[in-house]
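Chemist: Dropping the structure in here first, questions after.
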Amino acid sequence: MLKKEFAPFENKIWLSSPTMHGEEIEYVTEAYKTNWMSTVGKNINEVERIICEKVGCKYAVGLACGTDSLHLAMKLAKIKPGDTVFCSDMTFAATVNPVVYEGGVPVFIDTEYDTWNMDPVALEKAFELYPDTKVVVMAHLYGTPAKLDELKAICDRHNAIIIEDAAESLGATYKGVQTGSFGYCSAISFNGNKIITGSSGGMLLTDSYEDACKVCKWSTQSRENAPWYQHEEIGYNYRMSNVIAGVVRGQLPHLEEHIAGKKAIYERYKEGFKNLPVSMNPIDFENSEPNYWLSCMIIDSDAMCKQVRSDDKPLYAAEKGKSCPTEILDTLVKLNAEGRPIWKPMHAQPFYRMNGFVTREGNGRAATDAYISGGSVGKDGNPLDVGMDIFERGLCLPSDNKMTIEEQDKIIEVICACFE
């Protein structure tokens, strides 16, 4: 129970909703007036061109969503039934599910504290345990680049390729190079909550003309060059609509503006919480510049009140001077503001609990159970299951670019009050 009463926000404060500018409707109207409403047209061509120019890849294929992009990336990687594929553990299910679409078997690689992304030490351990693995799917969580040099060096030593899930990180850079340009191929997303949105939509990025042609063909039902509908391999209805592309086309000139707004939100939170026992999601400023898609925080271990979570329900016990993600998120909901728990690690999801999971000290499946039931630490004193630790103590904060400074100040005040 908060000691101070707060009136709810009159207008809902969203986690991250689209920020529109006007050009979007002009390009959508152009598609309507020219009658290019399907999966070909100038908007698609322009969006593909602009993304190539921005990211620094040679080819971009517009698709219906980021998940489609990752699925066709699995096909390019020639995943076969039974193949193990190393995957980021703390991410959205869309990073992992496409592996299963092709019959692959995800093996989850634990997270590291420096960036909240795939741990290079755990990845090296995974190759010791699964030496035949040839594909690694890694995500840049919340718009912060992973340790790409280390991850790529490990993959190169083991003759494995990286599929880069850059769905959350458009505009972020690692050592001055855009994310989405480091993988054998990469995927980006224009989902409704992303930093650039088309309401839906995604793209597969590649430097291979042959692979771009394959993806374009697969995404349009694998139609052959014949005077009738000739199909010699499986195809999909995955191509981006020219209407959706019109929205994306109108958004893209504002990418840097959106990033600047998100960065300001992050920095205001960081300043506002400087006297709380919390930290913001980490950024490796020496090597990378994120796009600040979502601002997140993690509560110090000794400032956590009691909190338990089943598969679908959380409970907590309020405690003076302490708080927890559940208390903060419940409080925000009551005030008409939207936060979100950190991504629950994939190895803890009911569907994937029998899959392999590797920590920096080796196979961590048993370690996960120990952590959930009371805590187990490694040789460095940190929890063996880093992803679950971040999930237990972390949360995503309202990060909407349309949120005013006054509204964010109130959110900061509310969160501070949770620790009183």
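Just so we're on the same page: first chain in the structure tokens is A, next is B, and so on; residues restart at 1 for each chain, and ligands are numbered from 1 in the order they show up.
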Leaving out Cys305 (chain A) and any residue of its chain fewer than 4 positions from it, which residues lie within 8 Å of it when counting only C-alpha atoms, given as a list in words?
Modeler: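 Listed by chain and then number, they are Tyr316, Ala317, Ala318, Glu319, Lys322, Ser323 and Cys324 of chain A.
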Chemist: Selection from above, N, CA and C atoms, as a tab-separated table (two decimals), in the first residue's frame, can you write it?
Modeler:
chain	number	residue	atom	x	y	z
A	316	TYR	N	2.95	-11.22	-3.99
A	316	TYR	CA	4.05	-10.58	-3.26
A	316	TYR	C	3.54	-10.15	-1.89
A	317	ALA	N	4.47	-9.94	-0.99
A	317	ALA	CA	4.16	-9.43	0.35
A	317	ALA	C	4.86	-8.09	0.51
A	318	ALA	N	4.07	-7.03	0.68
A	318	ALA	CA	4.64	-5.68	0.82
A	318	ALA	C	5.56	-5.62	2.04
A	319	GLU	N	6.63	-4.86	1.88
A	319	GLU	CA	7.62	-4.78	2.95
A	319	GLU	C	8.22	-3.38	2.97
A	322	LYS	N	11.26	-1.90	0.77
A	322	LYS	CA	11.55	-2.83	-0.32
A	322	LYS	C	10.39	-2.84	-1.32
A	323	SER	N	10.64	-3.43	-2.48
A	323	SER	CA	9.57	-3.60	-3.46
A	323	SER	C	9.93	-4.77	-4.36
A	324	CYS	N	9.14	-4.98	-5.41
A	324	CYS	CA	9.39	-6.06	-6.36
A	324	CYS	C	8.67	-5.69	-7.66
Chemist: Could you name the residues that touch Pro131 (chain A) at 12 Å or less, counting only C-alpha atoms, but leaving out those on the same chain fewer than 5 positions away, as a VMD selection string?
Modeler: chain A and resid 83 to 86 123 to 126 155 157 to 160
Chemist: Write the residues of the selection above to a file with N, CA, C and O atoms, as a CSV table (one decimal), in the first residue's frame.
Modeler:
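Contents of the output file result_1.csv:
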chain,number,residue,atom,x,y,z
A,83,ASP,N,18.1,-31.2,-35.9
A,83,ASP,CA,19.3,-30.3,-35.8
A,83,ASP,C,19.2,-29.4,-34.5
A,83,ASP,O,18.2,-28.8,-34.3
A,84,THR,N,20.3,-29.4,-33.7
A,84,THR,CA,20.3,-28.5,-32.6
A,84,THR,C,20.6,-27.1,-33.1
A,84,THR,O,21.5,-26.9,-34.0
A,85,VAL,N,20.0,-26.1,-32.5
A,85,VAL,CA,20.2,-24.7,-32.8
A,85,VAL,C,20.3,-23.9,-31.5
A,85,VAL,O,19.4,-24.0,-30.6
A,86,PHE,N,21.4,-23.2,-31.3
A,86,PHE,CA,21.6,-22.4,-30.1
A,86,PHE,C,20.8,-21.1,-30.2
A,86,PHE,O,20.9,-20.4,-31.2
A,123,LEU,N,28.0,-19.7,-24.4
A,123,LEU,CA,28.0,-20.2,-25.8
A,123,LEU,C,29.2,-21.1,-26.0
A,123,LEU,O,29.0,-22.2,-26.7
A,124,GLU,N,30.3,-20.8,-25.5
A,124,GLU,CA,31.5,-21.6,-25.7
A,124,GLU,C,31.3,-23.0,-25.0
A,124,GLU,O,31.6,-24.0,-25.6
A,125,LYS,N,30.7,-22.9,-23.8
A,125,LYS,CA,30.4,-24.2,-23.1
A,125,LYS,C,29.4,-25.0,-24.0
A,125,LYS,O,29.5,-26.3,-24.0
A,126,ALA,N,28.4,-24.4,-24.6
A,126,ALA,CA,27.4,-25.1,-25.4
A,126,ALA,C,28.1,-25.9,-26.5
A,126,ALA,O,27.6,-27.0,-26.8
A,155,CYS,N,31.6,-18.5,-32.8
A,155,CYS,CA,31.0,-19.2,-33.9
A,155,CYS,C,31.9,-19.5,-35.1
A,155,CYS,O,31.9,-20.6,-35.6
A,157,ARG,N,35.1,-20.1,-34.8
A,157,ARG,CA,36.0,-21.2,-34.4
A,157,ARG,C,35.3,-22.5,-34.6
A,157,ARG,O,35.9,-23.5,-34.8
A,158,HIS,N,34.0,-22.5,-34.4
A,158,HIS,CA,33.2,-23.8,-34.5
A,158,HIS,C,32.4,-23.9,-35.8
A,158,HIS,O,31.6,-24.8,-35.9
A,159,ASN,N,32.8,-23.1,-36.8
A,159,ASN,CA,32.2,-23.2,-38.2
A,159,ASN,C,30.7,-23.1,-38.1
A,159,ASN,O,30.0,-23.8,-38.8
A,160,ALA,N,30.2,-22.2,-37.3
A,160,ALA,CA,28.8,-22.0,-37.1
A,160,ALA,C,28.4,-20.6,-37.6
A,160,ALA,O,29.2,-19.7,-37.7
Chemist: Of the residues A:Ala167, A:Leu395, A:Ala77, A:Ala64, which is the one nearest to Glu338 (chain A), using only C-alpha atoms?
Modeler: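 For Glu338 (chain A), the nearest of the candidates is A:Leu395.
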Chemist: What lies within 8 Å of region 218-221 of chain A using only C-alpha atoms, ignoring chain neighbours under 2 positions off, as a ChimeraX atom specification?
Modeler: /A:63,72,214-216,223,231,234-239
Chemist: Those residues you just picked out, can you put them in a file as a tab-separated table (two decimals), in the first residue's frame with all heavy atoms?
Modeler:
chain	number	residue	atom	x	y	z
A	63	LEU	N	8.59	-8.59	-45.64
A	63	LEU	CA	7.73	-9.72	-45.30
A	63	LEU	C	6.62	-9.28	-44.36
A	63	LEU	O	6.60	-8.15	-43.88
A	63	LEU	CB	8.56	-10.85	-44.68
A	63	LEU	CG	9.67	-11.40	-45.60
A	63	LEU	CD1	10.60	-12.32	-44.82
A	63	LEU	CD2	9.08	-12.12	-46.80
A	72	LEU	N	12.07	-17.93	-42.53
A	72	LEU	CA	12.76	-18.12	-43.81
A	72	LEU	C	14.28	-18.11	-43.62
A	72	LEU	O	15.01	-18.72	-44.40
A	72	LEU	CB	12.30	-17.07	-44.82
A	72	LEU	CG	10.80	-17.16	-45.17
A	72	LEU	CD1	10.45	-16.21	-46.30
A	72	LEU	CD2	10.38	-18.60	-45.53
A	214	LYS	N	15.63	-16.34	-53.19
A	214	LYS	CA	14.95	-17.49	-52.59
A	214	LYS	C	13.86	-17.04	-51.63
A	214	LYS	O	12.73	-17.56	-51.66
A	214	LYS	CB	15.96	-18.36	-51.84
A	214	LYS	CG	16.87	-19.20	-52.70
A	214	LYS	CD	17.82	-20.00	-51.81
A	214	LYS	CE	18.81	-20.81	-52.64
A	214	LYS	NZ	19.76	-21.53	-51.74
A	215	VAL	N	14.18	-16.09	-50.78
A	215	VAL	CA	13.22	-15.62	-49.78
A	215	VAL	C	12.03	-14.96	-50.44
A	215	VAL	O	10.88	-15.18	-50.05
A	215	VAL	CB	13.92	-14.66	-48.79
A	215	VAL	CG1	12.89	-13.94	-47.91
A	215	VAL	CG2	14.91	-15.42	-47.92
A	216	CYS	N	12.29	-14.17	-51.47
A	216	CYS	CA	11.19	-13.51	-52.18
A	216	CYS	C	10.28	-14.55	-52.82
A	216	CYS	O	9.04	-14.44	-52.78
A	216	CYS	CB	11.76	-12.56	-53.23
A	216	CYS	SG	10.56	-11.38	-53.87
A	223	ARG	N	6.05	-19.68	-56.38
A	223	ARG	CA	5.57	-19.80	-57.76
A	223	ARG	C	6.74	-19.80	-58.72
A	223	ARG	O	7.63	-18.94	-58.65
A	223	ARG	CB	4.62	-18.65	-58.08
A	223	ARG	CG	4.02	-18.74	-59.47
A	223	ARG	CD	3.13	-17.56	-59.80
A	223	ARG	NE	2.64	-17.65	-61.17
A	223	ARG	CZ	1.92	-16.72	-61.77
A	223	ARG	NH1	1.57	-15.62	-61.11
A	223	ARG	NH2	1.52	-16.87	-63.01
A	231	HIS	N	4.36	-25.04	-58.98
A	231	HIS	CA	5.01	-25.06	-57.67
A	231	HIS	C	5.86	-26.32	-57.55
A	231	HIS	O	5.35	-27.42	-57.67
A	231	HIS	CB	3.97	-25.02	-56.55
A	231	HIS	CG	3.02	-23.88	-56.66
A	231	HIS	ND1	3.33	-22.60	-56.24
A	231	HIS	CD2	1.76	-23.81	-57.17
A	231	HIS	CE1	2.31	-21.80	-56.47
A	231	HIS	NE2	1.35	-22.50	-57.05
A	234	ILE	N	7.75	-26.09	-51.34
A	234	ILE	CA	6.77	-25.49	-50.44
A	234	ILE	C	6.93	-23.96	-50.44
A	234	ILE	O	8.04	-23.44	-50.54
A	234	ILE	CB	6.92	-26.05	-49.00
A	234	ILE	CG1	5.71	-25.69	-48.14
A	234	ILE	CG2	8.20	-25.56	-48.34
A	234	ILE	CD1	4.49	-26.46	-48.46
A	235	GLY	N	5.82	-23.27	-50.37
A	235	GLY	CA	5.85	-21.82	-50.32
A	235	GLY	C	4.98	-21.29	-49.20
A	235	GLY	O	4.26	-22.03	-48.53
A	236	TYR	N	5.03	-19.96	-49.01
A	236	TYR	CA	4.32	-19.32	-47.91
A	236	TYR	C	3.73	-17.99	-48.37
A	236	TYR	O	4.25	-17.35	-49.28
A	236	TYR	CB	5.28	-19.07	-46.73
A	236	TYR	CG	6.05	-20.29	-46.31
A	236	TYR	CD1	7.27	-20.59	-46.91
A	236	TYR	CD2	5.54	-21.16	-45.36
A	236	TYR	CE1	7.98	-21.73	-46.55
A	236	TYR	CE2	6.26	-22.30	-44.98
A	236	TYR	CZ	7.47	-22.57	-45.59
A	236	TYR	OH	8.17	-23.70	-45.24
A	237	ASN	N	2.67	-17.57	-47.71
A	237	ASN	CA	2.06	-16.27	-47.99
A	237	ASN	C	2.63	-15.24	-47.02
A	237	ASN	O	1.96	-14.76	-46.12
A	237	ASN	CB	0.54	-16.38	-47.85
A	237	ASN	CG	-0.16	-15.10	-48.27
A	237	ASN	OD1	0.39	-14.28	-48.99
A	237	ASN	ND2	-1.39	-14.93	-47.82
A	238	TYR	N	3.92	-14.91	-47.22
A	238	TYR	CA	4.66	-14.12	-46.24
A	238	TYR	C	5.04	-12.72	-46.74
A	238	TYR	O	5.66	-11.96	-46.01
A	238	TYR	CB	5.96	-14.84	-45.87
A	238	TYR	CG	5.85	-15.96	-44.88
A	238	TYR	CD1	7.01	-16.66	-44.49
A	238	TYR	CD2	4.64	-16.34	-44.30
A	238	TYR	CE1	6.95	-17.70	-43.57
A	238	TYR	CE2	4.57	-17.38	-43.39
A	238	TYR	CZ	5.72	-18.05	-43.02
A	238	TYR	OH	5.67	-19.08	-42.11
A	239	ARG	N	4.73	-12.36	-47.96
A	239	ARG	CA	5.22	-11.09	-48.52
A	239	ARG	C	4.54	-9.90	-47.86
A	239	ARG	O	3.35	-9.95	-47.51
A	239	ARG	CB	4.96	-11.07	-50.03
A	239	ARG	CG	5.64	-9.91	-50.78
A	239	ARG	CD	7.14	-10.07	-50.84
A	239	ARG	NE	7.72	-9.22	-51.87
A	239	ARG	CZ	8.70	-8.34	-51.68
A	239	ARG	NH1	9.23	-8.20	-50.48
A	239	ARG	NH2	9.17	-7.62	-52.67
Chemist: Of the candidates A:Met388, A:Met37, A:Cys213, A:Met20, which shows the shortest atom-to-atom distance to Asn242 (chain A), using only C-alpha atoms?
Modeler: A:Met37
Chemist: Pick out the closest residue to Leu384 (chain A) from this set: A:Tyr113, A:Phe92, A:Tyr142, A:Trp36. Count only C-alpha atoms.
Modeler: A:Tyr113
Chemist: Could you list, with a cut-off of 10 Å and counting only C-alpha atoms, the residues of region 52-144 of chain A near region 293-296 of chain A, each shown with its nearest atom pair and the distance in Å rounded to one decimal, rows sorted by chain and ascending number, as a Markdown table?
Modeler:
| residue | atom | partner | partner_atom | distance |
| --- | --- | --- | --- | --- |
| A:Leu141 | CA | A:Leu294 | CA | 9.2 |
| A:Tyr142 | CA | A:Leu294 | CA | 5.5 |
| A:Gly143 | CA | A:Trp293 | CA | 5.3 |
| A:Thr144 | CA | A:Trp293 | CA | 8.4 |
Chemist: Counting only C-alpha atoms, which residues in region 297-361 of chain A sit no more than 10 Å from region 258-276 of chain A? For each one, give the nearest pair of atoms and the distance in Å, sorted by chain then residue number, as a tab-separated table.
Modeler:
residue	atom	partner	partner_atom	distance
A:Met297	CA	A:Lys270	CA	8.9
A:Ile299	CA	A:Leu276	CA	8.7
A:Asp300	CA	A:Leu276	CA	9.1
A:Ala303	CA	A:Leu276	CA	9.2
A:Gly321	CA	A:Leu276	CA	9.8
A:Lys322	CA	A:Leu276	CA	9.8
Chemist: Between A:Glu24, A:Glu102, A:Asp119, A:Asp165, which is the closest to Ile196 (chain A) once you count only C-alpha atoms?
Modeler: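 Checking each of A:Glu24, A:Glu102, A:Asp119, A:Asp165 against Ile196 (chain A), counting only C-alpha atoms, the winner is A:Glu24.
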Chemist: Can you tell me how far CA of Phe9 (chain A) sits from CA of Gly192 (chain A), in Å to one decimal?
Modeler: 22.4 Å
Chemist: Rank A:Gly176, A:Pro314, A:Gly56, A:Gly246 by their smallest atom-to-atom distance to Val40 (chain A), using only C-alpha atoms, and report the top residue only.
Modeler: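 Closest to Val40 (chain A) of all the choices is A:Gly246.
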Chemist: Which is closest to His347 (chain A) among A:Glu420, A:Asp385, A:Asp302, A:Asp211, if we use only C-alpha atoms?
Modeler: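 Residue with the minimum atom-to-atom distance to His347 (chain A): A:Asp385.
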Chemist: Compile the contact shell of region 25-31 of chain A as a CSV table (one decimal) with N, CA and C atoms, in the first residue's frame: residues with an atom at most 12 Å away, counting only C-alpha atoms, same-chain residues fewer than 5 positions apart removed.
Modeler:
chain,number,residue,atom,x,y,z
A,20,MET,N,3.1,8.5,-34.7
A,20,MET,CA,2.8,8.7,-36.1
A,20,MET,C,3.0,10.2,-36.4
A,36,TRP,N,-2.3,-0.2,-56.0
A,36,TRP,CA,-1.3,-1.2,-55.7
A,36,TRP,C,-1.5,-1.6,-54.2
A,37,MET,N,-2.5,-2.4,-53.9
A,37,MET,CA,-2.9,-2.8,-52.6
A,37,MET,C,-2.4,-4.1,-52.1
A,38,SER,N,-1.7,-4.8,-53.0
A,38,SER,CA,-1.3,-6.2,-52.7
A,38,SER,C,0.2,-6.2,-52.3
A,39,THR,N,0.9,-7.2,-52.8
A,39,THR,CA,2.3,-7.4,-52.3
A,39,THR,C,3.4,-7.0,-53.3
A,40,VAL,N,3.0,-6.0,-54.2
A,40,VAL,CA,4.0,-5.4,-55.0
A,40,VAL,C,3.6,-3.9,-55.0
A,41,GLY,N,4.6,-3.0,-55.3
A,41,GLY,CA,4.3,-1.6,-55.4
A,41,GLY,C,5.5,-0.8,-54.9
A,42,LYS,N,5.4,0.5,-55.2
A,42,LYS,CA,6.5,1.4,-54.9
A,42,LYS,C,6.9,1.5,-53.4
A,43,ASN,N,5.9,1.4,-52.5
A,43,ASN,CA,6.2,1.5,-51.1
A,43,ASN,C,7.1,0.4,-50.7
A,44,ILE,N,6.8,-0.8,-51.1
A,44,ILE,CA,7.7,-2.0,-50.8
A,44,ILE,C,9.1,-1.7,-51.3
A,46,GLU,N,10.6,1.0,-52.0
A,46,GLU,CA,11.3,2.1,-51.3
A,46,GLU,C,11.7,1.7,-49.9
A,47,VAL,N,10.9,1.0,-49.2
A,47,VAL,CA,11.2,0.6,-47.9
A,47,VAL,C,12.4,-0.4,-47.9
A,198,GLY,N,4.8,-0.5,-38.8
A,198,GLY,CA,3.9,-0.5,-40.0
A,198,GLY,C,2.6,-1.1,-39.5
A,241,SER,N,2.7,-6.4,-47.5
A,241,SER,CA,1.7,-5.6,-48.3
A,241,SER,C,2.2,-4.2,-48.6
A,242,ASN,N,1.9,-3.7,-49.8
A,242,ASN,CA,2.3,-2.4,-50.2
A,242,ASN,C,1.6,-1.3,-49.3
A,243,VAL,N,0.5,-1.7,-48.7
A,243,VAL,CA,-0.2,-0.7,-47.8
A,243,VAL,C,0.6,-0.6,-46.5
A,244,ILE,N,0.9,-1.8,-45.9
A,244,ILE,CA,1.8,-1.8,-44.7
A,244,ILE,C,3.1,-1.1,-45.0
A,245,ALA,N,3.7,-1.3,-46.1
A,245,ALA,CA,4.9,-0.7,-46.5
A,245,ALA,C,4.8,0.8,-46.6
A,246,GLY,N,3.6,1.3,-46.9
A,246,GLY,CA,3.4,2.7,-46.9
A,246,GLY,C,3.5,3.3,-45.5
A,247,VAL,N,3.0,2.6,-44.5
A,247,VAL,CA,3.2,3.1,-43.2
A,247,VAL,C,4.6,3.2,-42.8
A,248,VAL,N,5.3,2.1,-43.0
A,248,VAL,CA,6.8,2.0,-42.7
A,248,VAL,C,7.5,3.1,-43.4
A,249,ARG,N,7.2,3.3,-44.7
A,249,ARG,CA,7.9,4.3,-45.5
A,249,ARG,C,7.7,5.7,-44.9
A,250,GLY,N,6.6,6.0,-44.4
A,250,GLY,CA,6.3,7.3,-43.7
A,250,GLY,C,7.0,7.4,-42.4
A,251,GLN,N,7.3,6.2,-41.7
A,251,GLN,CA,7.9,6.2,-40.4
A,251,GLN,C,9.4,6.4,-40.5
Chemist: Calculate how many Å separate CA of Lys54 (chain A) from CA of Asn287 (chain A), rounding to one decimal.
Modeler: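 Distance reported for this atom pair: 19.2 Å.
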Chemist: Counting only C-alpha atoms, what is within 8 Å of Ile79 (chain A), bar same-chain residues fewer than 5 positions away, as a PyMOL selection string?
Modeler: chain A and resi 74+99+102-104
